[in-house]
Amino acid sequence: MKGISSNDSLPPSRERPPVVVIAAAAVAAGLFLLPLLGLLIRTPWTRLGSVLTSDTVLDALRISLLSSVTAAVLACILGVPLAWMLSRYEFRGRQALRSIVTLPMVLPPVVGGVALGSVFGRGGFVGGPIESGSGLLLQFSFWGIVLANTFVAMPFLVITTEAALNAVNRRYEAAAATLGASGPRVFTTITIPSIWPGLKAGIVLAWARAFGEFGATLTFNGSLQGRTQTMPLAVFVELSDDTDAAIAIAIIMVAVSLIVLTSLRDRWWNPS
Amino acid sequence: MMVTVFAAASLTDAMTELADEFMMDNPGYDIELNFGGSATLREQLLAGAPADVFAPADEATMEEVESLIAGHPVVVATNHLELAVPAGNRHGVTTLADLARDDLVVGLCARGVPCGDLAAMLLDHSGVVAAPDTEEPNVRSLLLKIENAEVDVGLVYRSDVIGSNGSVQSIDLHEGIDLQNRYPIATMDDAANLSAATAFVEFVASDAGANVLETYGFGRP
């Protein structure tokens with residue numbers, strides 16, 4: 001499928017980049033690396049083992065991984081059709097919808113959680129009737145985390161996927177359709193492979209955002225160890241009690257996300 | 001003269017009024033307030049944040065910055081936990097034992113946070129095994145959920161109930177257990193203006209200061 005994707009650019013150059021570029025890139029890299037270094041310096045390495053095997057952290061890790069992966073999958077299932085609509089169809093309110101998609105990125109997550117609560121919470125106009133009708137409670141449950149995670153993470157997927165869809169050379173799709181391929185067939189054999197680099201970047205970004213989600217989850221869904229306490233919530237609770245343990249949990253989060261991202265890198269994350 | 005005060009989030013309303021009154025009586029003084037969770041403020045101070053006065057929500061937090069304060073801290077207020085329910089008490093909550101009810105969404109503060117530790121002690125003393133649906137990392141996020149009727153019953157500070165302007169109502173605890181946390185205040189050792197900082201601390205600790213704190217639901221020590 002290499003020929004179809006729009007990746008016709010030259011391979012990376014072996015020449016030396018301009019000094020200005022090196023300088024700016026070094027500052028940018030430093031901005032990422034130095035805080036990580038700072039965290040590593042403060043990490044209580046001798047306690048890492050006992051923190052990692054504590055019930056609190058094992059539970060939180062399980063809940064975080066499950067909820068963030070579920071949210072990334074949901075964001076994909078719901079977000080790709082939305083990106084498809086935004087990219088391919090002209091309809092009233094398209095621009096407005098496009099702006100609304102970025103709302104969760106702009107909104108302080110805590111406010112996002114309050115907003116989710118007023119819809120899906122127990123007093124909300126969706127959550128209230130569901131609870132009184134069926135007794136089901138979304139809030140304070142695992143699915144409440146997934147909801148908050150999906151809310152904050154889906155914009156990353158929609159935006160990258162829409163950009164990828166816009167960059168697709170539509171003549172290939174048209175050609176396949178002319179040759180008799182059905183709509184779904186064109187989508188799965190031509191469109192998806194063409195947008196795959198963008199789509200997988202979107203999935204990774206959405207997962208990472210969901211994994212680190214804190215504010216919306218706390219405000220909407222609360223935190224209960226073993227049931228709804230994710231890693232970021234565990235970090236925050238520990239921060240007011242045992243700073244060392246909080247940093248140890250944060251380091252575990254960094255390690256888990258690095259492991260996930262680097263293991264995906266060869267198959268997924270490497271654009272070439 | 002500028003005095004920078006780091007104060008516990010639960011003191012927000014009371015300390016703001018205290019600062020206003022102080023500045024009214026003492027023209028030329030400028031009180032700058034910085035509110036946050038006691039632990040957050042403690043971390044900032046230990047990291048070298050410039051402050052002249054520190055007023056956390058419990059004595060344990062003050063002890064951890066002992067090396068940074070001038071003289072001895074003074075306890076200026078007390079606070080205790082109350083059962084709080086959304087206004088109207090639709091679920092008929094009457095005692096601490098209601099915190100064990102399965103049909104209610106129960107909220108507490110997490111252990112390690114002052115209000116959570118106090119709640120754990122209170123429940124321990126009363127022999128109630130609570131069935132929480134959420135353990136919030138600070139009292140404000142718990143209060144918000146009670147205000148929005150998302151949590152049916154929780155344990156929050158009396159001052160929080162008073163400050164919630166009627167959206168939350170408290171249930172008298174007849175258990176007769178007197179557990180409270182005590183709010184100390186102290187000037188910092190490296191205060192930019194020690195005399196101004198001391199003057200403000202003395203005002204907060206005065207009878208007039210106690211009256212203001214009382215109107216916001218705090219007790220006299």
# chains A, B, ... in the order shown; residues from 1 in each chain; ligands from 1
>>> select_by_dssp(residues="stretch 59-191 of chain B", states="alpha helix (DSSP H)", output="PDB file with C-alpha atoms, in the first residue's frame")
ATOM      1  CA  GLU B  59      -1.147  21.155  62.926  1.00  0.00           C
ATOM      2  CA  ALA B  60       0.576  18.168  61.295  1.00  0.00           C
ATOM      3  CA  THR B  61       1.181  20.216  58.157  1.00  0.00           C
ATOM      4  CA  MET B  62       2.585  23.089  60.203  1.00  0.00           C
ATOM      5  CA  GLU B  63       4.967  20.726  61.987  1.00  0.00           C
ATOM      6  CA  GLU B  64       6.469  19.697  58.672  1.00  0.00           C
ATOM      7  CA  PRO B 114      -6.792  16.029  56.525  1.00  0.00           C
ATOM      8  CA  CYS B 115     -10.564  15.642  56.080  1.00  0.00           C
ATOM      9  CA  GLY B 116     -10.120  11.980  55.117  1.00  0.00           C
ATOM     10  CA  ASP B 117      -7.970  11.179  58.129  1.00  0.00           C
ATOM     11  CA  LEU B 118     -10.457  12.927  60.380  1.00  0.00           C
ATOM     12  CA  ALA B 119     -13.329  11.001  58.769  1.00  0.00           C
ATOM     13  CA  ALA B 120     -11.498   7.708  59.283  1.00  0.00           C
ATOM     14  CA  MET B 121     -11.026   8.503  62.981  1.00  0.00           C
ATOM     15  CA  LEU B 122     -14.651   9.514  63.368  1.00  0.00           C
ATOM     16  CA  LEU B 123     -15.900   6.314  61.726  1.00  0.00           C
ATOM     17  CA  ASP B 124     -13.471   4.264  63.761  1.00  0.00           C
ATOM     18  CA  HIS B 125     -14.742   5.754  67.003  1.00  0.00           C
ATOM     19  CA  SER B 126     -18.358   5.124  66.055  1.00  0.00           C
ATOM     20  CA  VAL B 139     -12.854  18.371  50.456  1.00  0.00           C
ATOM     21  CA  ARG B 140     -13.845  20.874  47.771  1.00  0.00           C
ATOM     22  CA  SER B 141     -14.330  18.233  45.093  1.00  0.00           C
ATOM     23  CA  LEU B 142     -16.439  16.211  47.540  1.00  0.00           C
ATOM     24  CA  LEU B 143     -18.531  19.257  48.434  1.00  0.00           C
ATOM     25  CA  LEU B 144     -19.102  20.021  44.752  1.00  0.00           C
ATOM     26  CA  LYS B 145     -20.534  16.543  44.226  1.00  0.00           C
ATOM     27  CA  ILE B 146     -22.879  16.929  47.189  1.00  0.00           C
ATOM     28  CA  GLU B 147     -23.962  20.366  45.941  1.00  0.00           C
ATOM     29  CA  ARG B 158     -18.821  22.444  59.077  1.00  0.00           C
ATOM     30  CA  SER B 159     -17.318  25.593  57.496  1.00  0.00           C
ATOM     31  CA  ASP B 160     -17.916  24.071  54.053  1.00  0.00           C
ATOM     32  CA  VAL B 161     -21.583  23.502  54.809  1.00  0.00           C
ATOM     33  CA  ILE B 162     -21.943  27.116  56.023  1.00  0.00           C
ATOM     34  CA  GLY B 163     -20.142  28.353  52.906  1.00  0.00           C
TER      35      GLY B 163
END
>>> residues_around(residues="B:Asp207", least_positions_apart="4", cutoff="12 Å", atoms="only C-alpha atoms", output="short mmCIF file (atom, residue, chain, number, x, y, z; two decimals) with all heavy atoms, in the first residue's frame")
data_model
loop_
_atom_site.label_atom_id
_atom_site.label_comp_id
_atom_site.auth_asym_id
_atom_site.auth_seq_id
_atom_site.Cartn_x
_atom_site.Cartn_y
_atom_site.Cartn_z
N LEU B 18 -10.87 38.63 56.57
CA LEU B 18 -9.88 39.06 57.57
C LEU B 18 -8.87 40.03 56.95
O LEU B 18 -8.53 41.06 57.54
CB LEU B 18 -9.16 37.85 58.16
CG LEU B 18 -9.98 37.02 59.16
CD1 LEU B 18 -9.32 35.67 59.41
CD2 LEU B 18 -10.15 37.78 60.48
N VAL B 76 -5.77 29.30 65.71
CA VAL B 76 -6.76 30.39 65.67
C VAL B 76 -8.18 29.91 65.43
O VAL B 76 -9.13 30.66 65.61
CB VAL B 76 -6.40 31.43 64.58
CG1 VAL B 76 -5.18 32.24 65.01
CG2 VAL B 76 -6.16 30.77 63.24
N ALA B 77 -8.33 28.67 64.98
CA ALA B 77 -9.69 28.21 64.68
C ALA B 77 -9.75 26.69 64.75
O ALA B 77 -8.73 26.02 64.69
CB ALA B 77 -10.10 28.67 63.28
N GLU B 202 -1.31 38.61 64.50
CA GLU B 202 -1.92 39.00 65.77
C GLU B 202 -3.38 39.39 65.59
O GLU B 202 -4.23 39.10 66.43
CB GLU B 202 -1.12 40.16 66.40
CG GLU B 202 0.11 39.64 67.14
CD GLU B 202 1.06 40.75 67.58
OE1 GLU B 202 0.74 41.94 67.34
OE2 GLU B 202 2.10 40.41 68.16
N PHE B 203 -3.68 40.05 64.45
CA PHE B 203 -5.07 40.41 64.18
C PHE B 203 -5.94 39.17 63.99
O PHE B 203 -7.03 39.06 64.55
CB PHE B 203 -5.15 41.31 62.93
CG PHE B 203 -6.55 41.52 62.45
CD1 PHE B 203 -7.47 42.26 63.21
CD2 PHE B 203 -6.99 40.98 61.24
CE1 PHE B 203 -8.77 42.44 62.76
CE2 PHE B 203 -8.29 41.15 60.81
CZ PHE B 203 -9.19 41.89 61.57
N ASN B 211 -14.07 36.37 65.79
CA ASN B 211 -15.46 36.64 65.42
C ASN B 211 -15.70 36.42 63.94
O ASN B 211 -16.72 35.84 63.53
CB ASN B 211 -15.84 38.08 65.79
CG ASN B 211 -16.06 38.23 67.29
OD1 ASN B 211 -16.34 37.25 67.99
ND2 ASN B 211 -15.89 39.44 67.79
N VAL B 212 -14.76 36.91 63.13
CA VAL B 212 -14.90 36.72 61.68
C VAL B 212 -14.88 35.23 61.36
O VAL B 212 -15.75 34.73 60.63
CB VAL B 212 -13.75 37.44 60.93
CG1 VAL B 212 -13.77 37.07 59.44
CG2 VAL B 212 -13.86 38.95 61.11
N LEU B 213 -13.92 34.51 61.92
CA LEU B 213 -13.81 33.07 61.65
C LEU B 213 -15.08 32.35 62.06
O LEU B 213 -15.55 31.43 61.38
CB LEU B 213 -12.59 32.48 62.38
CG LEU B 213 -11.24 32.83 61.74
CD1 LEU B 213 -10.10 32.69 62.72
CD2 LEU B 213 -11.00 31.96 60.50
N GLU B 214 -15.68 32.80 63.16
CA GLU B 214 -16.89 32.17 63.66
C GLU B 214 -18.05 32.32 62.68
O GLU B 214 -18.81 31.37 62.47
CB GLU B 214 -17.26 32.78 65.02
CG GLU B 214 -17.82 31.76 65.99
CD GLU B 214 -17.75 32.27 67.43
OE1 GLU B 214 -17.94 33.49 67.64
OE2 GLU B 214 -17.50 31.46 68.32
N ARG B 220 -13.97 28.41 67.98
CA ARG B 220 -12.86 29.03 68.73
C ARG B 220 -12.04 27.92 69.37
O ARG B 220 -12.61 26.99 69.93
CB ARG B 220 -13.39 29.95 69.82
CG ARG B 220 -13.90 31.29 69.30
CD ARG B 220 -14.61 32.05 70.40
NE ARG B 220 -15.31 33.21 69.86
CZ ARG B 220 -14.81 34.45 69.89
NH1 ARG B 220 -13.65 34.69 70.46
NH2 ARG B 220 -15.48 35.46 69.37
N PRO B 221 -10.73 28.01 69.33
CA PRO B 221 -9.89 26.96 69.91
C PRO B 221 -9.97 26.95 71.43
O PRO B 221 -10.21 27.97 72.03
CB PRO B 221 -8.49 27.32 69.45
CG PRO B 221 -8.53 28.76 69.08
CD PRO B 221 -9.94 29.06 68.67
#
>>> interface_residues(of="chain A", to="chain B", cutoff="9 Å", atoms="only C-alpha atoms", output="PyMOL selection string")
chain A and resi 117-118+121-123+139-141+218-225+227-229+233+236-243
>>> write_last_selection(atoms="C-alpha atoms", output="PDB file, in the first residue's frame")
ATOM      1  CA  GLY A 117     -21.860  15.605  35.174  1.00  0.00           C
ATOM      2  CA  SER A 118     -24.671  17.918  34.174  1.00  0.00           C
ATOM      3  CA  GLY A 121     -24.329  12.588  36.049  1.00  0.00           C
ATOM      4  CA  ARG A 122     -27.022  11.500  38.454  1.00  0.00           C
ATOM      5  CA  GLY A 123     -28.763  14.868  38.243  1.00  0.00           C
ATOM      6  CA  GLN A 139     -21.136   8.014  37.397  1.00  0.00           C
ATOM      7  CA  PHE A 140     -18.712   6.539  39.963  1.00  0.00           C
ATOM      8  CA  SER A 141     -18.285   3.425  37.823  1.00  0.00           C
ATOM      9  CA  LEU A 218     -11.966  13.247  39.127  1.00  0.00           C
ATOM     10  CA  THR A 219     -14.698  15.842  38.782  1.00  0.00           C
ATOM     11  CA  PHE A 220     -17.139  13.593  36.994  1.00  0.00           C
ATOM     12  CA  ASN A 221     -16.365  10.199  38.407  1.00  0.00           C
ATOM     13  CA  GLY A 222     -14.585  10.620  41.738  1.00  0.00           C
ATOM     14  CA  SER A 223     -11.944   8.199  42.914  1.00  0.00           C
ATOM     15  CA  LEU A 224     -12.215   4.927  44.788  1.00  0.00           C
ATOM     16  CA  GLN A 225      -9.242   2.659  45.222  1.00  0.00           C
ATOM     17  CA  ARG A 227     -12.807   0.535  41.576  1.00  0.00           C
ATOM     18  CA  THR A 228     -12.372   3.919  39.926  1.00  0.00           C
ATOM     19  CA  GLN A 229      -8.960   5.138  41.032  1.00  0.00           C
ATOM     20  CA  LEU A 233      -5.743   9.966  40.693  1.00  0.00           C
ATOM     21  CA  PHE A 236      -2.757  13.101  43.317  1.00  0.00           C
ATOM     22  CA  VAL A 237      -4.018  11.391  46.460  1.00  0.00           C
ATOM     23  CA  GLU A 238      -0.487  10.329  47.390  1.00  0.00           C
ATOM     24  CA  LEU A 239       0.868  13.807  46.686  1.00  0.00           C
ATOM     25  CA  SER A 240      -0.883  15.180  49.738  1.00  0.00           C
ATOM     26  CA  ASP A 241       0.210  12.247  51.879  1.00  0.00           C
ATOM     27  CA  ASP A 242       3.458  10.707  50.683  1.00  0.00           C
ATOM     28  CA  THR A 243       5.287  12.707  47.995  1.00  0.00           C
TER      29      THR A 243
END
>>> select_by_dssp(residues="stretch 20-205 of chain B", states="strand (DSSP E)", output="PyMOL selection string")
chain B and resi 30-36+53-55+69-86+106-109+134-136+153-157+168-171+180-188
>>> write_last_selection(atoms="N, CA and C atoms", output="compact mmCIF listing (two decimals), in the first residue's frame")
# COMPACT_ATOMS: atom_id res chain seq x y z
N ASP B 30 -0.64 45.80 52.43
CA ASP B 30 -1.26 45.12 51.30
C ASP B 30 -1.13 43.61 51.52
N ILE B 31 -2.25 42.96 51.82
CA ILE B 31 -2.21 41.52 52.08
C ILE B 31 -2.47 40.77 50.78
N GLU B 32 -1.53 39.94 50.41
CA GLU B 32 -1.71 39.13 49.20
C GLU B 32 -1.98 37.69 49.63
N LEU B 33 -3.11 37.14 49.15
CA LEU B 33 -3.52 35.81 49.61
C LEU B 33 -3.28 34.75 48.54
N ASN B 34 -2.77 33.63 48.98
CA ASN B 34 -2.59 32.50 48.07
C ASN B 34 -3.22 31.26 48.73
N PHE B 35 -4.32 30.78 48.15
CA PHE B 35 -5.02 29.65 48.75
C PHE B 35 -4.69 28.36 48.01
N GLY B 36 -4.68 27.26 48.73
CA GLY B 36 -4.44 25.96 48.11
C GLY B 36 -4.62 24.87 49.13
N VAL B 53 3.37 34.55 55.76
CA VAL B 53 2.51 33.94 56.77
C VAL B 53 1.98 32.62 56.21
N PHE B 54 1.89 31.60 57.08
CA PHE B 54 1.36 30.31 56.63
C PHE B 54 0.21 29.92 57.56
N ALA B 55 -0.91 29.53 56.96
CA ALA B 55 -2.07 29.10 57.74
C ALA B 55 -2.66 27.84 57.14
N ILE B 69 9.51 28.41 60.10
CA ILE B 69 8.66 29.43 60.71
C ILE B 69 9.38 30.14 61.86
N ALA B 70 8.89 31.36 62.13
CA ALA B 70 9.46 32.15 63.22
C ALA B 70 8.62 31.92 64.47
N GLY B 71 9.24 31.59 65.56
CA GLY B 71 8.54 31.41 66.82
C GLY B 71 7.60 30.22 66.79
N HIS B 72 6.50 30.34 67.57
CA HIS B 72 5.57 29.23 67.68
C HIS B 72 4.26 29.55 66.96
N PRO B 73 3.69 28.56 66.29
CA PRO B 73 2.39 28.80 65.66
C PRO B 73 1.28 28.97 66.70
N VAL B 74 0.27 29.76 66.35
CA VAL B 74 -0.89 29.94 67.23
C VAL B 74 -2.09 29.28 66.58
N VAL B 75 -2.85 28.51 67.35
CA VAL B 75 -4.07 27.93 66.80
C VAL B 75 -5.18 28.98 66.87
N VAL B 76 -5.77 29.30 65.71
CA VAL B 76 -6.76 30.39 65.67
C VAL B 76 -8.18 29.91 65.43
N ALA B 77 -8.33 28.67 64.98
CA ALA B 77 -9.69 28.21 64.68
C ALA B 77 -9.75 26.69 64.75
N THR B 78 -10.95 26.18 64.90
CA THR B 78 -11.16 24.73 64.81
C THR B 78 -12.26 24.47 63.79
N ASN B 79 -12.29 23.26 63.34
CA ASN B 79 -13.30 22.87 62.38
C ASN B 79 -13.64 21.42 62.68
N HIS B 80 -14.87 21.01 62.45
CA HIS B 80 -15.16 19.59 62.62
C HIS B 80 -16.03 19.10 61.48
N LEU B 81 -16.09 17.79 61.37
CA LEU B 81 -16.82 17.20 60.25
C LEU B 81 -18.31 17.11 60.56
N GLU B 82 -19.10 17.27 59.53
CA GLU B 82 -20.54 17.08 59.66
C GLU B 82 -21.00 16.20 58.51
N LEU B 83 -22.08 15.48 58.77
CA LEU B 83 -22.73 14.75 57.68
C LEU B 83 -23.39 15.79 56.80
N ALA B 84 -23.10 15.74 55.51
CA ALA B 84 -23.69 16.71 54.60
C ALA B 84 -24.48 15.99 53.53
N VAL B 85 -25.65 16.53 53.23
CA VAL B 85 -26.52 15.95 52.20
C VAL B 85 -27.02 17.09 51.31
N PRO B 86 -27.43 16.77 50.09
CA PRO B 86 -28.03 17.81 49.25
C PRO B 86 -29.26 18.38 49.95
N VAL B 106 -22.22 7.30 48.47
CA VAL B 106 -21.54 7.83 49.64
C VAL B 106 -20.17 8.38 49.25
N GLY B 107 -19.85 9.57 49.72
CA GLY B 107 -18.56 10.17 49.41
C GLY B 107 -17.79 10.52 50.67
N LEU B 108 -16.48 10.25 50.66
CA LEU B 108 -15.61 10.64 51.76
C LEU B 108 -14.38 11.31 51.16
N CYS B 109 -13.55 11.92 52.02
CA CYS B 109 -12.24 12.36 51.56
C CYS B 109 -11.29 11.18 51.66
N THR B 134 -16.92 6.99 46.42
CA THR B 134 -15.80 7.78 45.96
C THR B 134 -15.04 8.31 47.17
N GLU B 135 -13.72 8.38 47.02
CA GLU B 135 -12.88 8.98 48.05
C GLU B 135 -12.11 10.11 47.41
N GLU B 136 -12.56 11.32 47.66
CA GLU B 136 -12.06 12.48 46.93
C GLU B 136 -10.75 12.98 47.53
N VAL B 153 -24.58 11.51 50.37
CA VAL B 153 -24.17 11.88 51.72
C VAL B 153 -22.66 11.78 51.83
N GLY B 154 -22.09 12.72 52.57
CA GLY B 154 -20.64 12.72 52.75
C GLY B 154 -20.27 13.42 54.03
N LEU B 155 -18.99 13.29 54.39
CA LEU B 155 -18.49 13.97 55.58
C LEU B 155 -17.62 15.14 55.13
N VAL B 156 -18.07 16.36 55.41
CA VAL B 156 -17.28 17.54 55.06
C VAL B 156 -17.18 18.44 56.29
N TYR B 157 -16.36 19.48 56.19
CA TYR B 157 -16.22 20.39 57.31
C TYR B 157 -17.48 21.23 57.51
N VAL B 168 -26.37 22.73 50.36
CA VAL B 168 -26.02 21.56 51.14
C VAL B 168 -26.56 21.76 52.55
N GLN B 169 -27.10 20.72 53.14
CA GLN B 169 -27.53 20.87 54.53
C GLN B 169 -26.83 19.84 55.39
N SER B 170 -26.64 20.20 56.65
CA SER B 170 -25.91 19.28 57.50
C SER B 170 -26.87 18.57 58.45
N ILE B 171 -26.45 17.38 58.86
CA ILE B 171 -27.23 16.57 59.79
C ILE B 171 -26.47 16.56 61.10
N GLN B 180 -11.85 17.22 66.10
CA GLN B 180 -11.76 18.44 65.30
C GLN B 180 -10.34 18.62 64.81
N ASN B 181 -10.21 19.39 63.74
CA ASN B 181 -8.85 19.78 63.42
C ASN B 181 -8.65 21.25 63.72
N ARG B 182 -7.41 21.55 64.04
CA ARG B 182 -7.07 22.86 64.56
C ARG B 182 -6.22 23.59 63.54
N TYR B 183 -6.58 24.84 63.28
CA TYR B 183 -5.91 25.65 62.26
C TYR B 183 -4.85 26.54 62.91
N PRO B 184 -3.58 26.23 62.70
CA PRO B 184 -2.53 27.09 63.23
C PRO B 184 -2.15 28.18 62.23
N ILE B 185 -1.55 29.23 62.72
CA ILE B 185 -1.03 30.27 61.84
C ILE B 185 0.33 30.68 62.38
N ALA B 186 1.25 31.03 61.48
CA ALA B 186 2.59 31.43 61.92
C ALA B 186 3.24 32.33 60.88
N THR B 187 4.18 33.15 61.35
CA THR B 187 4.96 33.95 60.40
C THR B 187 6.17 33.12 59.98
N MET B 188 6.61 33.37 58.74
CA MET B 188 7.76 32.63 58.24
C MET B 188 9.04 33.32 58.70
>>> residues_around(residues="A:Ala60", least_positions_apart="6", cutoff="12 Å", atoms="only C-alpha atoms", output="ChimeraX atom specification")
/A:51-54,66-68,142,211,223-235,237,249-250,252-253
>>> write_last_selection(atoms="C-alpha atoms", output="CSV table (one decimal), in the first residue's frame")
chain,number,residue,atom,x,y,z
A,51,VAL,CA,5.2,0.9,45.6
A,52,LEU,CA,4.9,-1.0,42.3
A,53,THR,CA,3.6,-4.2,44.0
A,54,SER,CA,1.2,-2.4,46.4
A,66,LEU,CA,-8.3,-1.0,30.8
A,67,SER,CA,-10.1,2.4,30.7
A,68,SER,CA,-7.6,4.1,28.5
A,142,PHE,CA,-15.6,2.1,35.5
A,211,PHE,CA,-4.0,7.3,30.1
A,223,SER,CA,-11.9,8.2,42.9
A,224,LEU,CA,-12.2,4.9,44.8
A,225,GLN,CA,-9.2,2.7,45.2
A,226,GLY,CA,-9.7,-0.7,43.5
A,227,ARG,CA,-12.8,0.5,41.6
A,228,THR,CA,-12.4,3.9,39.9
A,229,GLN,CA,-9.0,5.1,41.0
A,230,THR,CA,-6.7,5.5,38.0
A,231,MET,CA,-2.9,6.1,38.2
A,232,PRO,CA,-3.1,9.9,37.9
A,233,LEU,CA,-5.7,10.0,40.7
A,234,ALA,CA,-3.5,7.8,42.8
A,235,VAL,CA,-0.6,10.2,42.2
A,237,VAL,CA,-4.0,11.4,46.5
A,249,ILE,CA,3.7,6.1,40.8
A,250,ALA,CA,4.4,8.9,38.3
A,252,ILE,CA,5.7,3.9,36.7
A,253,MET,CA,3.3,5.8,34.5
